[in-house]
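Asks: First the structure, which I've put down as C-alpha cells, then a few questions once you've had a look.
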Amino acid sequence: MSAAERRAAILDAAMEAFARHGYHGTSIDDIASAAGISKALIYEHFPSKQGLHAELVTAQAEALFARLAAAATDPDATPEERLRGGVDAFLGFVEERRDAWRALFRDAADPELGEVIDRVQHDATSAVAELLMPGADDALHQEVEILAEMLSGAVQALANWWHDHPEVPRAELVERAAAFAWPGLARLGGRSDGA
C-alpha cells in the first residue's frame, strides 16, 4: 500500500472502531487490530487518538457543509425551500452515514477535542445562516446567527433522536423541522424586505 492508501485504511478502521465502541471505548490498539497493522504504524500517520478523531470529524464536517452549501445555491428557491432543502441535506447525511454520525458527532468526545468540535459548530452555524438568509445585511446578521444556532442545535438533537428511532421517515422529520423553524425565518425575511 502507498502511504495515502495506508492512511485511508487507518481512517476507515478508526471510523468503524469509534462507531462500535465510542471515542472513550476505543483504543489505538483497537484501531490497529481493525486495520491489521501495528500500533506504531498508526503513530507514523497520526500523532494520537485525538488527532485521528479530529481528522475524521473535520473530513465528515466538510462533507456535510458541502451538502448544505449545495442546498443553498439554487437562486430560484424560496427561503422556505432552502430551509427544507438544508434540513433534508443534513438528515440525508445522517441517514447515509449513521455510523459516522454516531461515532463523530453524537458520542461524547474527549474534552481535549473541544477546540475541533467548537470550530465545527461555528462553521455549521455559519453554513446554516447562509442557507437561511444568504447575504443578510449587518442589521439582521446577529438575529440570523441566533436563529441558525438554534436550528443547528435543534436538528442535531433531532438527528440524535432519529438514531434511536430509524423507523421515522426522513421526509416526516424534514417537515417537522421546517414547521418548527419557518415562523422565525419568515419573520426575519419580512424584516429584510422592510416589513
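Ordering of the C-alpha cells sets the chain letters (A, B, ...); residue numbers start at 1 within each chain; ligands are numbered from 1 in the order shown.
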Write out as a list of chain:residue names each polymer residue whose atoms come within 9 Å of A:Arg67, counting only C-alpha atoms; drop sequence neighbours fewer than 6 positions from it.
Replies: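 The neighbour list is A:Gly86, A:Ala89, A:Phe90, A:Phe93.
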Asks: Which is closest to A:Leu132 among A:Ala72, A:Ala9, A:Ala178, A:Leu91, if we use only C-alpha atoms?
Replies: A:Ala72
Asks: Within 12 Å of stretch 23-44 of chain A, which residues of stretch 49-105 of chain A come that close, and what is the closest atom pair and distance in Å for each? Count only C-alpha atoms and give it as JSON lines.
Replies:
```
{"residue": "A:Lys49", "atom": "CA", "partner": "A:Ile28", "partner_atom": "CA", "distance": 6.3}
{"residue": "A:Gln50", "atom": "CA", "partner": "A:Tyr23", "partner_atom": "CA", "distance": 9.0}
{"residue": "A:Gly51", "atom": "CA", "partner": "A:Tyr43", "partner_atom": "CA", "distance": 10.1}
{"residue": "A:Leu52", "atom": "CA", "partner": "A:Ile42", "partner_atom": "CA", "distance": 9.1}
{"residue": "A:His53", "atom": "CA", "partner": "A:Tyr23", "partner_atom": "CA", "distance": 8.0}
{"residue": "A:Ala54", "atom": "CA", "partner": "A:Tyr23", "partner_atom": "CA", "distance": 10.9}
{"residue": "A:Leu56", "atom": "CA", "partner": "A:Tyr23", "partner_atom": "CA", "distance": 11.6}
{"residue": "A:Val57", "atom": "CA", "partner": "A:Tyr23", "partner_atom": "CA", "distance": 11.6}
{"residue": "A:Ala100", "atom": "CA", "partner": "A:Tyr23", "partner_atom": "CA", "distance": 11.7}
{"residue": "A:Arg102", "atom": "CA", "partner": "A:Tyr23", "partner_atom": "CA", "distance": 10.0}
{"residue": "A:Ala103", "atom": "CA", "partner": "A:Tyr23", "partner_atom": "CA", "distance": 7.0}
{"residue": "A:Leu104", "atom": "CA", "partner": "A:Tyr23", "partner_atom": "CA", "distance": 8.0}
{"residue": "A:Phe105", "atom": "CA", "partner": "A:Tyr23", "partner_atom": "CA", "distance": 10.3}
```
Asks: Can you tell me, as a PyMOL selection string, which residues in stretch 42-100 of chain A count as helix (DSSP H, G or I) by DSSP?
Replies: chain A and resi 42-45+49-72+79-96+98-100
Asks: Keeping only C-alpha atoms, write the selected residues as an mmCIF file, in the first residue's frame.
Replies:
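See selection37.cif below for the written result:
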```cif
data_model
loop_
_atom_site.group_PDB
_atom_site.id
_atom_site.type_symbol
_atom_site.label_atom_id
_atom_site.label_comp_id
_atom_site.auth_asym_id
_atom_site.auth_seq_id
_atom_site.Cartn_x
_atom_site.Cartn_y
_atom_site.Cartn_z
ATOM 1 C CA ILE A 42 -0.693 4.374 13.198
ATOM 2 C CA TYR A 43 1.631 6.759 15.012
ATOM 3 C CA GLU A 44 3.594 7.225 11.791
ATOM 4 C CA HIS A 45 0.458 8.771 10.301
ATOM 5 C CA LYS A 49 -6.063 9.040 19.013
ATOM 6 C CA GLN A 50 -7.238 12.611 19.493
ATOM 7 C CA GLY A 51 -5.547 13.713 16.268
ATOM 8 C CA LEU A 52 -7.027 10.783 14.372
ATOM 9 C CA HIS A 53 -10.520 11.540 15.694
ATOM 10 C CA ALA A 54 -10.114 15.241 14.907
ATOM 11 C CA GLU A 55 -9.215 14.433 11.305
ATOM 12 C CA LEU A 56 -12.279 12.211 10.973
ATOM 13 C CA VAL A 57 -14.532 14.911 12.458
ATOM 14 C CA THR A 58 -13.092 17.528 10.094
ATOM 15 C CA ALA A 59 -13.490 15.346 6.999
ATOM 16 C CA GLN A 60 -17.079 14.403 7.827
ATOM 17 C CA ALA A 61 -17.964 18.004 8.682
ATOM 18 C CA GLU A 62 -16.569 19.210 5.351
ATOM 19 C CA ALA A 63 -18.714 16.636 3.519
ATOM 20 C CA LEU A 64 -21.762 17.821 5.458
ATOM 21 C CA PHE A 65 -21.048 21.506 4.807
ATOM 22 C CA ALA A 66 -20.682 20.783 1.072
ATOM 23 C CA ARG A 67 -24.202 19.340 1.117
ATOM 24 C CA LEU A 68 -25.556 22.369 2.964
ATOM 25 C CA ALA A 69 -23.835 24.729 0.540
ATOM 26 C CA ALA A 70 -25.341 22.868 -2.418
ATOM 27 C CA ALA A 71 -28.796 23.226 -0.842
ATOM 28 C CA ALA A 72 -28.290 26.991 -0.570
ATOM 29 C CA PRO A 79 -36.307 30.834 1.609
ATOM 30 C CA GLU A 80 -38.687 28.112 2.809
ATOM 31 C CA GLU A 81 -37.456 25.764 0.062
ATOM 32 C CA ARG A 82 -33.852 26.490 1.046
ATOM 33 C CA LEU A 83 -34.734 25.723 4.674
ATOM 34 C CA ARG A 84 -36.347 22.403 3.750
ATOM 35 C CA GLY A 85 -33.506 21.589 1.374
ATOM 36 C CA GLY A 86 -30.907 22.284 4.039
ATOM 37 C CA VAL A 87 -32.661 20.178 6.672
ATOM 38 C CA ASP A 88 -33.093 17.389 4.137
ATOM 39 C CA ALA A 89 -29.411 17.590 3.128
ATOM 40 C CA PHE A 90 -28.369 17.384 6.772
ATOM 41 C CA LEU A 91 -30.656 14.455 7.585
ATOM 42 C CA GLY A 92 -29.653 12.763 4.328
ATOM 43 C CA PHE A 93 -26.045 12.860 5.522
ATOM 44 C CA VAL A 94 -27.079 11.356 8.862
ATOM 45 C CA GLU A 95 -29.186 8.682 7.162
ATOM 46 C CA GLU A 96 -26.419 7.639 4.779
ATOM 47 C CA ARG A 98 -25.334 6.723 10.607
ATOM 48 C CA ASP A 99 -22.140 5.162 11.950
ATOM 49 C CA ALA A 100 -20.146 8.293 11.161
#
```
Asks: Smallest atom-to-atom distance to A:Met150: which of A:Glu172, A:Val128, A:Glu115, A:Arg97, using only C-alpha atoms?
Replies: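 For A:Met150, the nearest of the given residues is A:Val128.
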Asks: Write out as a VMD selection string which residues come within 8 Å of A:Val155 when counting only C-alpha atoms, dropping same-chain ones fewer than 4 positions away.
Replies: chain A and resid 87 151 159 177
Asks: Nearest to A:Gln121: which of A:Ser48, A:Thr78, A:Thr73, A:Ser152 is it, counting only C-alpha atoms?
Replies: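 Distance minimum relative to A:Gln121 lands on A:Ser152.
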